[in-house]
$ cat protein24.pdb   # PDB, C-alpha atoms, pLDDT in the B column
ATOM      1  CA  MET A   1     109.607  98.875 114.467  1.00 43.00           C
ATOM      2  CA  SER A   2     106.894  98.853 111.848  1.00 61.00           C
ATOM      3  CA  ASN A   3     107.750  98.765 108.151  1.00 79.00           C
ATOM      4  CA  ILE A   4     106.117 101.555 106.212  1.00 84.00           C
ATOM      5  CA  LYS A   5     104.995 100.505 102.742  1.00 90.00           C
ATOM      6  CA  LEU A   6     105.050 103.323 100.215  1.00 93.00           C
ATOM      7  CA  ILE A   7     102.872 103.471  97.106  1.00 95.00           C
ATOM      8  CA  ASN A   8     104.039 105.244  93.952  1.00 95.00           C
ATOM      9  CA  ILE A   9     101.202 107.486  92.751  1.00 96.00           C
ATOM     10  CA  GLY A  10     103.021 108.713  89.661  1.00 94.00           C
ATOM     11  CA  PHE A  11     106.014 110.870  88.750  1.00 94.00           C
ATOM     12  CA  GLY A  12     108.003 109.558  91.710  1.00 92.00           C
ATOM     13  CA  ASN A  13     105.443 110.768  94.251  1.00 96.00           C
ATOM     14  CA  ILE A  14     104.771 108.324  97.061  1.00 96.00           C
ATOM     15  CA  VAL A  15     102.155 107.913  99.772  1.00 96.00           C
ATOM     16  CA  PRO A  16     102.271 105.622 102.815  1.00 95.00           C
ATOM     17  CA  ALA A  17      99.876 102.759 102.058  1.00 93.00           C
ATOM     18  CA  ASN A  18      98.568 102.562 105.618  1.00 93.00           C
ATOM     19  CA  ARG A  19      97.356 106.196 105.482  1.00 95.00           C
ATOM     20  CA  ILE A  20      95.114 105.692 102.429  1.00 96.00           C
ATOM     21  CA  VAL A  21      91.407 105.527 103.236  1.00 96.00           C
ATOM     22  CA  ALA A  22      89.966 105.587  99.709  1.00 96.00           C
ATOM     23  CA  VAL A  23      90.938 105.847  96.052  1.00 96.00           C
ATOM     24  CA  VAL A  24      88.130 107.207  93.887  1.00 97.00           C
ATOM     25  CA  SER A  25      87.473 108.578  90.423  1.00 97.00           C
ATOM     26  CA  PRO A  26      87.221 112.386  90.178  1.00 97.00           C
ATOM     27  CA  GLU A  27      84.253 112.374  87.788  1.00 96.00           C
ATOM     28  CA  SER A  28      81.250 112.716  90.112  1.00 96.00           C
ATOM     29  CA  ALA A  29      79.932 116.047  91.340  1.00 97.00           C
ATOM     30  CA  PRO A  30      80.268 115.107  95.039  1.00 97.00           C
ATOM     31  CA  ILE A  31      83.952 114.241  94.564  1.00 97.00           C
ATOM     32  CA  LYS A  32      84.509 117.494  92.655  1.00 97.00           C
ATOM     33  CA  ARG A  33      82.974 119.389  95.595  1.00 97.00           C
ATOM     34  CA  PHE A  34      85.133 117.364  97.988  1.00 96.00           C
ATOM     35  CA  ILE A  35      88.240 118.364  96.003  1.00 97.00           C
ATOM     36  CA  GLN A  36      87.208 122.035  96.068  1.00 98.00           C
ATOM     37  CA  ASP A  37      86.604 121.850  99.833  1.00 98.00           C
ATOM     38  CA  GLY A  38      90.079 120.351 100.267  1.00 98.00           C
ATOM     39  CA  ARG A  39      91.567 123.152  98.171  1.00 98.00           C
ATOM     40  CA  ASP A  40      89.760 125.772 100.275  1.00 98.00           C
ATOM     41  CA  GLU A  41      90.986 124.155 103.521  1.00 98.00           C
ATOM     42  CA  GLY A  42      94.579 123.828 102.309  1.00 98.00           C
ATOM     43  CA  LYS A  43      94.448 120.027 102.414  1.00 98.00           C
ATOM     44  CA  LEU A  44      94.751 119.379  98.679  1.00 98.00           C
ATOM     45  CA  ILE A  45      97.952 117.930  97.222  1.00 98.00           C
ATOM     46  CA  ASP A  46      98.140 118.019  93.432  1.00 97.00           C
ATOM     47  CA  ALA A  47     100.564 115.329  92.237  1.00 97.00           C
ATOM     48  CA  THR A  48      99.398 115.362  88.613  1.00 97.00           C
ATOM     49  CA  TYR A  49     102.183 117.567  87.216  1.00 95.00           C
ATOM     50  CA  GLY A  50      99.599 119.375  85.086  1.00 96.00           C
ATOM     51  CA  ARG A  51      98.099 116.228  83.633  1.00 97.00           C
ATOM     52  CA  ARG A  52      94.491 115.113  83.858  1.00 97.00           C
ATOM     53  CA  THR A  53      93.373 113.954  87.305  1.00 97.00           C
ATOM     54  CA  ARG A  54      92.378 110.295  87.124  1.00 98.00           C
ATOM     55  CA  ALA A  55      92.446 109.279  90.787  1.00 98.00           C
ATOM     56  CA  VAL A  56      91.620 111.054  94.014  1.00 98.00           C
ATOM     57  CA  ILE A  57      93.345 109.575  97.057  1.00 98.00           C
ATOM     58  CA  ILE A  58      91.833 110.339 100.447  1.00 98.00           C
ATOM     59  CA  THR A  59      93.999 109.895 103.532  1.00 98.00           C
ATOM     60  CA  ASP A  60      93.196 109.333 107.184  1.00 97.00           C
ATOM     61  CA  SER A  61      94.317 112.912 107.913  1.00 96.00           C
ATOM     62  CA  ASP A  62      91.624 114.234 105.507  1.00 95.00           C
ATOM     63  CA  HIS A  63      94.228 115.249 102.933  1.00 98.00           C
ATOM     64  CA  ILE A  64      93.170 114.855  99.320  1.00 98.00           C
ATOM     65  CA  ILE A  65      95.808 113.814  96.811  1.00 98.00           C
ATOM     66  CA  LEU A  66      95.242 114.130  93.073  1.00 98.00           C
ATOM     67  CA  SER A  67      97.027 111.624  90.854  1.00 98.00           C
ATOM     68  CA  SER A  68      97.215 111.217  87.101  1.00 97.00           C
ATOM     69  CA  ILE A  69      97.202 107.410  87.255  1.00 97.00           C
ATOM     70  CA  GLN A  70      94.046 105.306  87.221  1.00 96.00           C
ATOM     71  CA  PRO A  71      92.391 104.362  90.540  1.00 96.00           C
ATOM     72  CA  GLU A  72      92.741 100.687  89.566  1.00 96.00           C
ATOM     73  CA  THR A  73      96.498 101.122  89.175  1.00 95.00           C
ATOM     74  CA  VAL A  74      96.783 102.679  92.635  1.00 95.00           C
ATOM     75  CA  ALA A  75      94.669  99.847  94.071  1.00 94.00           C
ATOM     76  CA  ASN A  76      96.816  97.219  92.348  1.00 94.00           C
ATOM     77  CA  ARG A  77      99.954  98.783  93.819  1.00 92.00           C
ATOM     78  CA  ILE A  78      98.411  98.717  97.292  1.00 90.00           C
ATOM     79  CA  VAL A  79      97.467  95.054  96.855  1.00 90.00           C
ATOM     80  CA  ALA A  80     100.977  94.237  95.587  1.00 88.00           C
ATOM     81  CA  LYS A  81     102.526  95.874  98.662  1.00 78.00           C
ATOM     82  CA  THR A  82     100.094  94.004 100.912  1.00 74.00           C
ATOM     83  CA  ASN A  83     101.065  90.716  99.250  1.00 78.00           C
ATOM     84  CA  GLU A  84     104.750  91.548  99.809  1.00 75.00           C
ATOM     85  CA  GLN A  85     103.974  92.010 103.511  1.00 65.00           C
ATOM     86  CA  GLU A  86     102.264  88.613 103.655  1.00 66.00           C
ATOM     87  CA  ASP A  87     105.258  87.028 101.954  1.00 63.00           C
ATOM     88  CA  ASP A  88     107.506  88.607 104.575  1.00 58.00           C
ATOM     89  CA  GLY A  89     105.424  87.046 107.338  1.00 53.00           C
ATOM     90  CA  ILE A  90     103.829  90.324 108.392  1.00 46.00           C
ATOM     91  CA  GLU A  91     100.153  90.116 109.191  1.00 48.00           C
ATOM     92  CA  ILE A  92      97.764  92.526 107.482  1.00 45.00           C
ATOM     93  CA  ASP A  93      96.466  93.540 110.920  1.00 48.00           C
ATOM     94  CA  ASP A  94      99.973  94.836 111.730  1.00 48.00           C
ATOM     95  CA  ILE A  95      99.552  97.566 109.102  1.00 46.00           C
ATOM     96  CA  VAL A  96      96.554  99.222 110.701  1.00 41.00           C
TER
END

$ encode --input "protein24.pdb" --output "structure tokens"
Amino acid sequence: MSNIKLINIGFGNIVPANRIVAVVSPESAPIKRFIQDGRDEGKLIDATYGRRTRAVIITDSDHIILSSIQPETVANRIVAKTNEQEDDGIEIDDIV
């Protein structure tokens, strides 16, 4: 059985690390259009609790998750979970 590593994206919201494809800043026009498209398609998850969106998390199921924590923080949490897996003797290739 595979261990699922969960990443805290703020306010107790969690996302499975192996489902994350990208973590990007919401500032560019293409990302803003991408967010609007996700909203229109019903694939947008707003986990900001009314705060400013600082990171946009894109999953392998084409869901778009908005988070109020910095993209670097999300990335650091993913790396930390990956390092925990290496310490446990689990290969990175086992995640994918």

$ atom_distance --input "protein24.pdb" --atom1 "CA of Ile4 in chain A" --atom2 "CA of Ile58 in chain A"
17.7 Å

$ resolve_selection --input "protein24.pdb" --expression "the PyMOL selection byres ((chain A and resi 60-62) around 10)" --output "VMD selection string"
chain A and resid 18 to 22 38 43 to 44 57 to 59 63 to 65

$ resolve_selection --input "protein24.pdb" --expression "the PyMOL selection byres ((chain A and resi 74) around 10)" --output "PyMOL selection string"
chain A and resi 7-10+17+23-24+55-57+67+69-73+75-80

$ atom_distance --input "protein24.pdb" --atom1 "CA of Asn13 in chain A" --atom2 "CA of Ala47 in chain A"
7.0 Å

$ atom_distance --input "protein24.pdb" --atom1 "CA of Ile45 in chain A" --atom2 "CA of Glu27 in chain A"
17.5 Å

$ resolve_selection --input "protein24.pdb" --expression "the PyMOL selection byres ((chain A and resi 49) around 9)" --output "short mmCIF file (atom, residue, chain, number, x, y, z; two decimals) with C-alpha atoms, in the coordinates of the input"
data_model
loop_
_atom_site.label_atom_id
_atom_site.label_comp_id
_atom_site.auth_asym_id
_atom_site.auth_seq_id
_atom_site.Cartn_x
_atom_site.Cartn_y
_atom_site.Cartn_z
CA PHE A 11 106.01 110.87 88.75
CA ASP A 46 98.14 118.02 93.43
CA ALA A 47 100.56 115.33 92.24
CA THR A 48 99.40 115.36 88.61
CA GLY A 50 99.60 119.38 85.09
CA ARG A 51 98.10 116.23 83.63
CA ARG A 52 94.49 115.11 83.86
CA SER A 67 97.03 111.62 90.85
CA SER A 68 97.22 111.22 87.10
#

$ axis_aligned_box --input "protein24.pdb" --around "range 71-83 of chain A" --padding-each-side "5 Å" --output "AutoDock Vina command-line options"
--center_x 97.5 --center_y 97.5 --center_z 95.0 --size_x 20.1 --size_y 23.6 --size_z 21.7

$ closest_residue --input "protein24.pdb" --among "A:Asn3, A:Thr82, A:Ser25, A:Gln36" --to "Thr53 in chain A" --atoms "all atoms listed in the file"
A:Ser25

$ closest_residue --input "protein24.pdb" --among "A:Asn83, A:Arg54, A:Leu66, A:Gly42" --to "Ile14 in chain A" --atoms "only C-alpha atoms"
A:Leu66
